[in-house]
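Shown here: work08.csv, CSV, C-alpha atoms.
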chain,number,residue,atom,x,y,z
G,126,MET,CA,-33.4,-16.2,-31.0
G,127,PHE,CA,-33.8,-12.6,-29.7
G,128,VAL,CA,-36.0,-13.7,-26.8
G,129,LEU,CA,-33.2,-16.0,-25.7
G,130,LEU,CA,-30.7,-13.1,-26.0
G,131,LEU,CA,-33.0,-10.9,-23.9
G,132,ALA,CA,-33.3,-13.7,-21.2
G,133,LEU,CA,-29.5,-13.9,-21.1
G,134,ILE,CA,-29.1,-10.1,-20.8
G,135,ALA,CA,-31.7,-10.1,-18.1
G,136,GLY,CA,-29.8,-12.7,-16.1
G,137,VAL,CA,-26.5,-10.9,-16.5
G,138,LEU,CA,-28.1,-7.6,-15.5
G,139,ILE,CA,-29.7,-9.1,-12.4
G,140,GLY,CA,-26.4,-10.5,-11.3
G,141,LEU,CA,-24.4,-7.3,-12.0
G,142,VAL,CA,-27.0,-5.0,-10.3
G,143,SER,CA,-27.5,-7.1,-7.3
G,144,GLN,CA,-23.6,-7.4,-6.9
G,145,ILE,CA,-23.9,-11.0,-5.8
G,146,SER,CA,-20.5,-12.6,-5.3
G,147,ILE,CA,-19.3,-15.9,-3.8
G,148,PRO,CA,-16.2,-16.8,-1.7
G,149,ALA,CA,-13.1,-17.0,-3.9
G,150,VAL,CA,-12.5,-20.7,-3.0
G,151,LEU,CA,-15.8,-21.6,-4.8
G,152,LEU,CA,-14.8,-19.9,-8.0
G,153,SER,CA,-13.4,-23.1,-9.6
G,154,TYR,CA,-16.8,-24.8,-8.9
G,155,LEU,CA,-18.7,-22.0,-10.5
G,156,GLY,CA,-16.4,-21.9,-13.5
G,157,VAL,CA,-17.1,-25.6,-14.4
G,158,ALA,CA,-20.8,-25.2,-13.6
G,159,ILE,CA,-21.0,-22.3,-16.0
G,160,LEU,CA,-19.5,-24.4,-18.7
G,161,ALA,CA,-22.0,-27.1,-18.0
G,162,ALA,CA,-24.8,-24.6,-18.0
G,163,LEU,CA,-23.7,-23.2,-21.3
G,164,ASP,CA,-23.6,-26.7,-22.8
G,165,SER,CA,-27.2,-27.3,-21.5
G,166,CYS,CA,-28.4,-24.1,-23.0
G,167,LEU,CA,-27.0,-24.9,-26.4
G,168,GLY,CA,-28.4,-28.4,-26.1
G,169,GLY,CA,-31.8,-26.9,-25.3
G,170,VAL,CA,-31.7,-24.5,-28.2
G,171,ARG,CA,-30.8,-27.4,-30.5
G,172,ALA,CA,-33.6,-29.5,-29.2
G,173,ALA,CA,-36.0,-26.6,-29.6
G,174,LEU,CA,-35.0,-26.2,-33.2
G,175,GLU,CA,-35.2,-29.9,-33.8
G,176,ARG,CA,-38.7,-29.8,-32.2
G,177,THR,CA,-37.7,-32.6,-29.8
G,178,PHE,CA,-37.6,-30.3,-26.7
G,179,SER,CA,-38.9,-31.7,-23.5
G,180,ASP,CA,-39.2,-29.6,-20.3
G,181,ARG,CA,-38.5,-32.5,-18.0
G,182,ILE,CA,-35.4,-33.8,-19.8
G,183,PHE,CA,-34.0,-30.3,-20.3
G,184,VAL,CA,-34.4,-29.1,-16.7
G,185,PHE,CA,-33.0,-32.4,-15.3
G,186,GLY,CA,-30.2,-32.3,-17.8
G,187,PHE,CA,-29.3,-28.8,-16.7
G,188,LEU,CA,-29.4,-29.6,-13.0
G,189,THR,CA,-27.4,-32.9,-13.3
G,190,ASN,CA,-24.8,-31.4,-15.6
G,191,THR,CA,-24.1,-28.4,-13.3
G,192,LEU,CA,-24.1,-30.4,-10.1
G,193,MET,CA,-22.0,-33.2,-11.6
G,194,ALA,CA,-19.5,-30.7,-12.8
G,195,ALA,CA,-19.2,-29.1,-9.4
G,196,PHE,CA,-19.0,-32.6,-7.8
G,197,ILE,CA,-16.1,-33.6,-10.0
G,198,VAL,CA,-14.2,-30.5,-9.0
G,199,TYR,CA,-15.0,-31.3,-5.3
G,200,ILE,CA,-13.8,-34.9,-5.7
G,201,GLY,CA,-10.7,-33.8,-7.5
G,202,GLU,CA,-9.8,-31.5,-4.6
G,203,ARG,CA,-10.6,-34.2,-2.0
G,204,ILE,CA,-8.4,-36.9,-3.6
G,205,GLY,CA,-5.6,-34.5,-4.4
G,206,VAL,CA,-6.0,-34.6,-8.2
G,207,ARG,CA,-6.9,-31.0,-8.6
G,208,GLU,CA,-6.6,-31.5,-12.4
G,209,LEU,CA,-9.8,-33.6,-12.4
G,210,TYR,CA,-11.8,-30.6,-13.3
G,211,LEU,CA,-10.1,-30.7,-16.7
G,212,ALA,CA,-12.2,-33.9,-17.3
G,213,ALA,CA,-15.4,-31.9,-17.0
G,214,VAL,CA,-13.9,-29.0,-19.0
G,215,VAL,CA,-12.9,-31.2,-21.9
G,216,ALA,CA,-16.2,-33.2,-21.8
G,217,PHE,CA,-18.4,-30.1,-21.8
G,218,GLY,CA,-16.2,-28.3,-24.2
G,219,VAL,CA,-16.5,-31.0,-26.8
G,220,ARG,CA,-20.3,-31.3,-26.3
G,221,LEU,CA,-20.6,-27.6,-26.4
G,222,PHE,CA,-19.0,-27.3,-29.8
G,223,ASN,CA,-21.1,-30.2,-31.1
G,224,ASN,CA,-24.3,-28.5,-30.0
G,225,LEU,CA,-23.1,-25.2,-31.4
G,226,GLY,CA,-22.4,-26.9,-34.7
G,227,ALA,CA,-25.8,-28.5,-34.8
G,228,VAL,CA,-27.6,-25.3,-33.9
G,229,ARG,CA,-25.7,-23.4,-36.6
G,230,ARG,CA,-26.6,-26.0,-39.2
G,231,LEU,CA,-30.3,-26.1,-38.1
G,232,LEU,CA,-30.5,-22.3,-38.3
G,233,ILE,CA,-28.8,-21.9,-41.7
G,234,ASP,CA,-30.0,-25.0,-43.6
G,235,ARG,CA,-33.7,-24.5,-43.0
G,236,PRO,CA,-35.2,-22.5,-45.9
G,237,GLY,CA,-37.6,-19.8,-44.7
G,238,ALA,CA,-36.3,-19.7,-41.2
G,239,GLU,CA,-36.8,-16.5,-39.4
S,280,MET,CA,-47.1,-16.7,-28.7
S,281,ARG,CA,-45.1,-18.4,-31.4
S,282,PHE,CA,-41.9,-17.6,-29.6
S,283,PHE,CA,-42.9,-19.8,-26.7
S,284,ARG,CA,-43.7,-22.7,-29.0
S,285,ARG,CA,-40.3,-22.4,-30.5
S,286,TYR,CA,-38.3,-21.6,-27.3
S,287,PRO,CA,-40.1,-22.9,-24.3
S,288,ILE,CA,-40.2,-20.9,-21.1
S,289,THR,CA,-38.0,-23.3,-19.2
S,290,LEU,CA,-35.3,-22.8,-21.8
S,291,MET,CA,-35.5,-19.1,-21.3
S,292,LEU,CA,-35.4,-19.4,-17.5
S,293,VAL,CA,-32.3,-21.6,-17.7
S,294,VAL,CA,-30.6,-19.2,-20.1
S,295,ALA,CA,-31.4,-16.4,-17.6
S,296,VAL,CA,-29.9,-18.5,-14.8
S,297,PHE,CA,-26.8,-19.1,-16.9
S,298,GLY,CA,-26.5,-15.3,-17.4
S,299,LEU,CA,-26.8,-14.9,-13.6
S,300,MET,CA,-24.0,-17.4,-13.0
S,301,LEU,CA,-21.9,-15.5,-15.5
S,302,ALA,CA,-22.5,-12.3,-13.7
S,303,VAL,CA,-21.7,-13.8,-10.3
S,304,ALA,CA,-18.5,-15.3,-11.6
S,305,PHE,CA,-17.6,-11.9,-13.1
S,306,ASN,CA,-18.4,-10.1,-9.8
S,307,THR,CA,-16.3,-12.6,-7.8
S,308,THR,CA,-13.3,-12.4,-10.1
S,309,ALA,CA,-13.4,-8.6,-10.1
S,310,ARG,CA,-13.5,-8.7,-6.3
S,311,VAL,CA,-10.7,-11.2,-5.9
S,312,ASN,CA,-8.4,-9.5,-8.4
S,313,GLY,CA,-9.2,-6.1,-7.0
S,314,GLU,CA,-8.3,-7.1,-3.4
S,315,ARG,CA,-4.6,-7.9,-3.4
S,316,PRO,CA,-2.8,-5.4,-5.5
S,317,ALA,CA,-5.1,-2.7,-4.1
S,318,ARG,CA,-3.8,-3.3,-0.6
S,319,THR,CA,-0.2,-2.3,-1.3
S,320,THR,CA,-1.1,0.7,-3.4
S,321,ASP,CA,-3.6,1.7,-0.7
S,322,LEU,CA,-0.9,1.5,1.9
S,323,ALA,CA,1.4,3.6,-0.2
S,324,ASP,CA,-1.4,6.1,-0.7
S,325,VAL,CA,-2.1,6.2,3.0
S,326,VAL,CA,1.5,6.9,3.8
S,327,THR,CA,1.7,9.7,1.2
S,328,GLU,CA,-1.5,11.2,2.4
S,329,MET,CA,-0.4,11.0,6.0
S,330,GLU,CA,2.9,12.7,5.2
S,331,ARG,CA,1.0,15.5,3.4
S,332,GLN,CA,-1.3,15.9,6.4
S,333,ARG,CA,1.7,16.0,8.7
S,334,ALA,CA,3.4,18.7,6.7
S,335,GLN,CA,0.2,20.8,6.9
S,336,LEU,CA,-0.1,20.1,10.6
S,337,THR,CA,3.5,21.0,11.2
S,338,ALA,CA,3.0,24.4,9.5
S,339,GLN,CA,-0.1,24.8,11.7
S,340,VAL,CA,1.9,24.0,14.8
S,341,SER,CA,4.5,26.7,14.0
S,342,LYS,CA,1.7,29.2,13.5
S,343,LEU,CA,-0.1,28.4,16.6
S,344,ARG,CA,3.1,28.3,18.6
S,345,ALA,CA,3.9,31.9,17.4
S,346,GLU,CA,0.4,33.0,18.3
S,347,SER,CA,0.6,31.4,21.7
S,348,ASP,CA,3.9,33.1,22.4
S,349,ASP,CA,2.3,36.4,21.3
S,350,ILE,CA,-0.6,35.9,23.7
S,351,ASP,CA,1.7,34.9,26.6
S,352,SER,CA,3.8,37.9,26.0
S,353,GLN,CA,0.8,40.2,25.9
S,354,ALA,CA,-0.5,38.7,29.1
S,355,ALA,CA,2.9,39.3,30.7
S,356,ALA,CA,2.9,42.9,29.4
S,357,ARG,CA,-0.5,43.4,31.2
S,358,LEU,CA,1.0,42.1,34.4
S,359,GLY,CA,4.0,44.3,34.0
S,360,GLU,CA,6.4,41.4,33.8
S,361,LYS,CA,6.9,41.6,30.0
S,362,ASP,CA,10.7,41.9,29.9
S,363,SER,CA,11.6,39.2,32.3
S,364,PHE,CA,8.9,36.9,30.8
S,365,ASP,CA,10.2,37.5,27.3
S,366,ALA,CA,13.7,36.7,28.3
S,367,GLU,CA,12.8,33.5,30.1
S,368,LEU,CA,10.6,32.4,27.2
S,369,ALA,CA,13.4,33.1,24.7
S,370,SER,CA,16.0,31.2,26.7
S,371,THR,CA,13.7,28.2,27.3
S,372,ARG,CA,12.9,28.0,23.6
S,373,LEU,CA,16.6,28.2,22.8
S,374,ALA,CA,17.3,25.4,25.3
S,375,VAL,CA,14.7,23.0,24.1
S,376,GLY,CA,15.4,23.6,20.4
S,377,LEU,CA,12.4,25.5,19.3
S,378,THR,CA,14.4,28.2,17.6
S,379,ARG,CA,16.8,28.4,14.7
S,380,VAL,CA,20.4,28.6,16.0
S,381,GLN,CA,23.4,30.2,14.3
S,382,GLY,CA,27.0,30.1,15.3
S,383,PRO,CA,30.4,28.6,14.6
S,384,GLY,CA,30.5,24.8,14.2
S,385,VAL,CA,31.0,21.9,11.8
S,386,VAL,CA,29.0,20.4,8.9
S,387,VAL,CA,29.3,16.6,8.5
S,388,THR,CA,28.0,15.0,5.2
S,389,LEU,CA,27.4,11.3,5.0
S,390,ASP,CA,26.6,9.6,1.7
S,391,ASP,CA,26.4,6.1,0.4
S,392,ALA,CA,29.3,4.8,-1.7
S,393,LYS,CA,29.0,5.7,-5.4
S,394,THR,CA,30.2,2.3,-6.7
S,395,MET,CA,30.2,-1.2,-5.2
S,396,PRO,CA,32.3,-4.2,-6.2
S,397,ALA,CA,30.4,-7.2,-7.4
S,398,GLN,CA,29.7,-9.9,-4.9
S,399,SER,CA,30.3,-7.7,-1.9
S,400,ASP,CA,27.9,-7.1,1.0
S,401,PRO,CA,25.9,-4.0,0.0
S,402,ASP,CA,25.3,-3.2,3.7
S,403,GLN,CA,28.9,-2.1,4.0
S,404,TYR,CA,28.5,0.5,1.3
S,405,VAL,CA,25.5,2.5,2.6
S,406,ILE,CA,25.1,4.9,5.5
S,407,HIS,CA,23.1,3.4,8.4
S,408,ASP,CA,21.1,4.8,11.3
S,409,PHE,CA,23.9,3.9,13.7
S,410,ASP,CA,26.4,5.9,11.6
S,411,ILE,CA,24.3,9.0,11.9
S,412,ALA,CA,23.8,8.3,15.6
S,413,ALA,CA,27.6,7.9,16.1
S,414,VAL,CA,28.3,11.3,14.5
S,415,VAL,CA,25.5,13.0,16.4
S,416,ASN,CA,26.7,11.4,19.7
S,417,ALA,CA,30.3,12.4,19.0
S,418,LEU,CA,29.2,16.0,18.3
S,419,LEU,CA,27.1,16.2,21.5
S,420,ALA,CA,30.0,14.7,23.4
S,421,GLY,CA,32.1,17.4,22.0
S,422,GLY,CA,29.8,20.0,23.5
S,423,ALA,CA,27.6,20.9,20.5
S,424,THR,CA,24.8,23.2,21.6
S,425,ALA,CA,22.5,22.4,18.7
S,426,VAL,CA,22.6,19.6,16.1
S,427,ASP,CA,20.3,18.8,13.2
S,428,VAL,CA,20.2,16.0,10.6
S,429,ASN,CA,18.8,17.1,7.2
S,430,GLY,CA,16.9,19.9,8.9
S,431,GLN,CA,15.5,17.7,11.7
S,432,ARG,CA,16.6,19.2,15.0
S,433,VAL,CA,18.0,16.7,17.6
S,434,VAL,CA,16.0,17.4,20.8
S,435,ALA,CA,15.5,15.5,24.1
S,436,THR,CA,12.9,13.0,22.5
S,437,THR,CA,14.7,12.5,19.2
S,438,ALA,CA,15.2,9.0,18.0
S,439,ILE,CA,17.5,8.1,15.1
S,440,ARG,CA,16.4,4.8,13.7
S,441,CYS,CA,16.2,2.7,10.6
S,442,ALA,CA,13.0,2.0,8.6
S,443,GLY,CA,13.6,-0.1,5.5
S,444,THR,CA,15.8,1.8,3.1
S,445,THR,CA,15.3,5.1,4.8
S,446,ILE,CA,16.3,6.6,8.2
S,447,LEU,CA,13.8,8.1,10.6
S,448,VAL,CA,14.8,11.2,12.6
S,449,ASN,CA,12.0,12.7,14.7
S,450,GLN,CA,9.7,10.2,12.9
S,451,THR,CA,10.5,11.9,9.6
S,452,ARG,CA,11.9,9.9,6.7
S,453,LEU,CA,15.3,11.0,5.4
S,454,GLY,CA,17.3,9.8,2.5
S,455,ALA,CA,21.1,10.0,1.6
S,456,PRO,CA,23.0,12.2,1.5
S,457,TYR,CA,22.7,13.2,5.2
S,458,THR,CA,23.9,16.6,6.3
S,459,ILE,CA,24.5,17.0,10.0
S,460,CYS,CA,25.0,20.6,11.2
S,461,ALA,CA,26.3,21.3,14.6
S,462,VAL,CA,26.8,24.6,16.4
S,463,GLY,CA,29.6,24.6,19.0
S,464,ASP,CA,33.3,25.1,19.5
S,465,SER,CA,34.6,23.9,16.1
S,466,ALA,CA,37.9,22.7,17.4
S,467,LYS,CA,36.4,20.6,20.2
S,468,LEU,CA,33.7,19.2,17.8
S,469,ASP,CA,36.3,18.2,15.3
S,470,MET,CA,38.5,16.6,18.0
S,471,SER,CA,35.5,14.7,19.4
S,472,LEU,CA,34.6,13.4,16.0
S,473,ASN,CA,38.1,12.0,15.6
S,474,SER,CA,38.4,10.6,19.1
S,475,ASP,CA,35.0,8.9,19.4
S,476,LEU,CA,35.5,5.2,18.4
S,477,ALA,CA,32.5,4.8,16.2
S,478,SER,CA,32.6,8.1,14.4
S,479,SER,CA,36.4,8.1,13.9
S,480,GLU,CA,36.1,4.6,12.3
S,481,LEU,CA,33.4,5.9,10.0
S,482,LEU,CA,35.4,9.0,9.0
S,483,GLY,CA,38.7,7.2,8.7
S,484,ASP,CA,38.9,3.5,7.9
S,485,TYR,CA,35.4,2.9,6.5
S,486,ARG,CA,35.5,6.0,4.3
S,487,VAL,CA,38.7,4.8,2.6
S,488,ARG,CA,37.8,1.1,2.5
S,489,TYR,CA,34.3,1.4,1.2
S,490,GLY,CA,34.4,4.7,-0.6
S,491,LEU,CA,31.7,6.3,1.5
S,492,GLY,CA,31.0,10.0,0.8
S,493,VAL,CA,32.0,11.2,4.2
S,494,ASP,CA,33.1,14.7,4.7
S,495,VAL,CA,33.7,17.1,7.7
S,496,GLU,CA,33.8,20.8,7.2
S,497,VAL,CA,34.6,23.4,9.8
S,498,ARG,CA,32.7,26.6,9.3
S,499,SER,CA,32.6,30.0,11.0
S,500,SER,CA,28.8,30.2,10.7
S,501,VAL,CA,26.5,27.2,10.7
S,502,THR,CA,22.7,27.4,10.9
S,503,VAL,CA,20.8,24.7,12.7
S,504,ALA,CA,17.0,24.3,12.1
S,505,ALA,CA,14.4,24.6,14.7
S,506,TYR,CA,12.5,21.6,16.0
S,507,LYS,CA,9.1,21.5,14.2
S,508,GLY,CA,7.5,18.5,16.0
S,509,THR,CA,5.3,18.5,19.1
S,510,LEU,CA,6.6,18.7,22.7
S,511,GLN,CA,3.6,17.0,24.2
S,512,PRO,CA,4.6,15.3,27.5
S,513,GLY,CA,2.2,12.4,26.8
S,514,VAL,CA,1.6,10.4,30.0
S,515,ALA,CA,4.3,12.2,31.9
S,516,THR,CA,3.4,14.4,34.9
S,517,LEU,CA,5.5,16.5,37.1
S,518,GLY,CA,7.6,14.5,39.6
S,519,LYS,CA,7.5,15.4,43.3
S,520,GLY,CA,10.4,17.3,45.0
S,521,GLU,CA,13.3,19.3,43.4
Take the structure in this file and express it as structure tokens.
Amino acid sequence: MFVLLLALIAGVLIGLVSQISIPAVLLSYLGVAILAALDSCLGGVRAALERTFSDRIFVFGFLTNTLMAAFIVYIGERIGVRELYLAAVVAFGVRLFNNLGAVRRLLIDRPGAE
Amino acid sequence: MRFFRRYPITLMLVVAVFGLMLAVAFNTTARVNGERPARTTDLADVVTEMERQRAQLTAQVSKLRAESDDIDSQAAARLGEKDSFDAELASTRLAVGLTRVQGPGVVVTLDDAKTMPAQSDPDQYVIHDFDIAAVVNALLAGGATAVDVNGQRVVATTAIRCAGTTILVNQTRLGAPYTICAVGDSAKLDMSLNSDLASSELLGDYRVRYGLGVDVEVRSSVTVAAYKGTLQPGVATLGKGE
């Protein structure tokens, strides 16, 4: 678990130190993409703990989730239903908490876990 | 490497990418939020800083002006024309408003109304740039030799104008109450204030109707401040003839 935390901190540090930022109009895309990425990460942890992790499924899942989320925001803005991004937020939010619950159960329920 | 068996390298890479996205979102939000409020505060800071600088430069101008006069007078002394030079310099400085002036005159104070009835036009209850201009014009028409508004000497290039809630005289912001000092024949000045259409309305009708704090005081000795700004001719050059 600590390795993952280190990876997360490394990513945040790279972003903060390099001072990368994007145009303000793209912020809503990034927000939904972040939610999708967080969901993918938790899903990956869950799969790793369940020992069903597959590189290919995970990486594809991550890419399609993030891109689809951004695409939904784009479509919403194009057809004048800006609230469409809520669909992505709700969907990923629910999945996120499902995965979080699964990870928690896997971590606590296994006797002799590190 | 039992860590890698448990948490594959791809998972860690993706988690790192997720962290990077978080940081980018954080950077962007900080930048966007920082931009807008900062601009108005920056502007206010710039104005305050500029005004501070101007005060410093004004003090420097007075000092340099005194030094320059000293040098001119020394040079004239060496040429043996000191007395006539000094006299000419003094009268020129007096004429263009570079010296403090004292003499009989009037002091006019203009202040906004203390109270204002509900649902009335607030514009009617405050002193405007044109009110000050009306009084200054009436005083000059009455033969005033020197006039200042809150210590800002009225000279040939003086503009009296409105800037938001303040009034600019010699590009300096002034706030109510406004004290206008004029040196001249007190009786003539007083008469001119009461005969000029704009100023007599302000001192009479409007004072009563809107409760403006308007007051005229005749004094045996009034001091009018010196002009502290620059007298740079700018793009002007000497005309031909005369």
Quiz item: What are the residues of chain G that have an atom within 7 Å of an atom of chain S, counting all atoms listed in the file, as a list of chain:residue names?
Solution: G:Leu129, G:Ala132, G:Leu133, G:Ile134, G:Ala135, G:Gly136, G:Val137, G:Ile139, G:Gly140, G:Leu141, G:Gln144, G:Ile145, G:Ser146, G:Ile147, G:Ala149, G:Leu152, G:Leu155, G:Ile159, G:Ala162, G:Leu163, G:Cys166, G:Gly169, G:Ala173, G:Asp180
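Excluding Ser499 in chain S and any residue on its chain fewer than 4 positions from it, the residues at most 10 Å away by only C-alpha atoms are Gln381, Gly382, Pro383, Gly384, Val385, Val462, Asp464 and Ser465 of chain S.
Distance-wise, CA of Leu151 in chain G and CA of Glu202 in chain G end up 11.6 Å apart.
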Quiz item: Counting only C-alpha atoms, what is within 7 Å of range 186-192 of chain G, bar same-chain residues fewer than 4 positions away, as a PyMOL selection string?
Solution: chain G and resi 158+161-162+165+182+196
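The two atoms in question, CA of Asp324 in chain S and CA of Arg440 in chain S, are spaced 22.9 Å apart.
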Exercise. Would you mind telling me which residue in S:Tyr457, S:Phe409, S:Tyr489, S:Tyr404 lies nearest to Cys441 in chain S when using all atoms listed in the file?
Key: S:Phe409
Practice problem: Could you check how far CA of Arg498 in chain S sits from CA of Leu468 in chain S, in Å to one decimal? | Solution: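 About the pair CA of Arg498 in chain S and CA of Leu468 in chain S: they are 11.3 Å apart.
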Practice problem: May I have the residues within 12 Å of Arg432 in chain S as a ChimeraX atom specification, using all atoms listed in the file and disregarding those fewer than 2 positions away in the same chain? | Solution: /S:373,375-380,415,424-430,434-439,448-451,458-462,502-508
Quiz prompt | Exercise: Glu175 in chain G partners within 12 Å, only C-alpha atoms, chain neighbours under 6 positions left out, as a ChimeraX atom specification | solution = /G:168-169,224,227-232,235 /S:285-286
Those residues with C-alpha atoms, as a PDB file, in the coordinates of the input please?
ATOM      1  CA  GLY G 168     -28.400 -28.400 -26.100  1.00  0.00           C
ATOM      2  CA  GLY G 169     -31.800 -26.900 -25.300  1.00  0.00           C
ATOM      3  CA  ASN G 224     -24.300 -28.500 -30.000  1.00  0.00           C
ATOM      4  CA  ALA G 227     -25.800 -28.500 -34.800  1.00  0.00           C
ATOM      5  CA  VAL G 228     -27.600 -25.300 -33.900  1.00  0.00           C
ATOM      6  CA  ARG G 229     -25.700 -23.400 -36.600  1.00  0.00           C
ATOM      7  CA  ARG G 230     -26.600 -26.000 -39.200  1.00  0.00           C
ATOM      8  CA  LEU G 231     -30.300 -26.100 -38.100  1.00  0.00           C
ATOM      9  CA  LEU G 232     -30.500 -22.300 -38.300  1.00  0.00           C
ATOM     10  CA  ARG G 235     -33.700 -24.500 -43.000  1.00  0.00           C
TER      11      ARG G 235
ATOM     12  CA  ARG S 285     -40.300 -22.400 -30.500  1.00  0.00           C
ATOM     13  CA  TYR S 286     -38.300 -21.600 -27.300  1.00  0.00           C
TER      14      TYR S 286
END
Quiz item: Which residues come within 10 Å of Asp348 in chain S, counting all atoms listed in the file, excluding same-chain residues fewer than 6 positions away, as JSON, numbers by chain?
Solution: {"S": [342, 354, 365, 368, 369]}
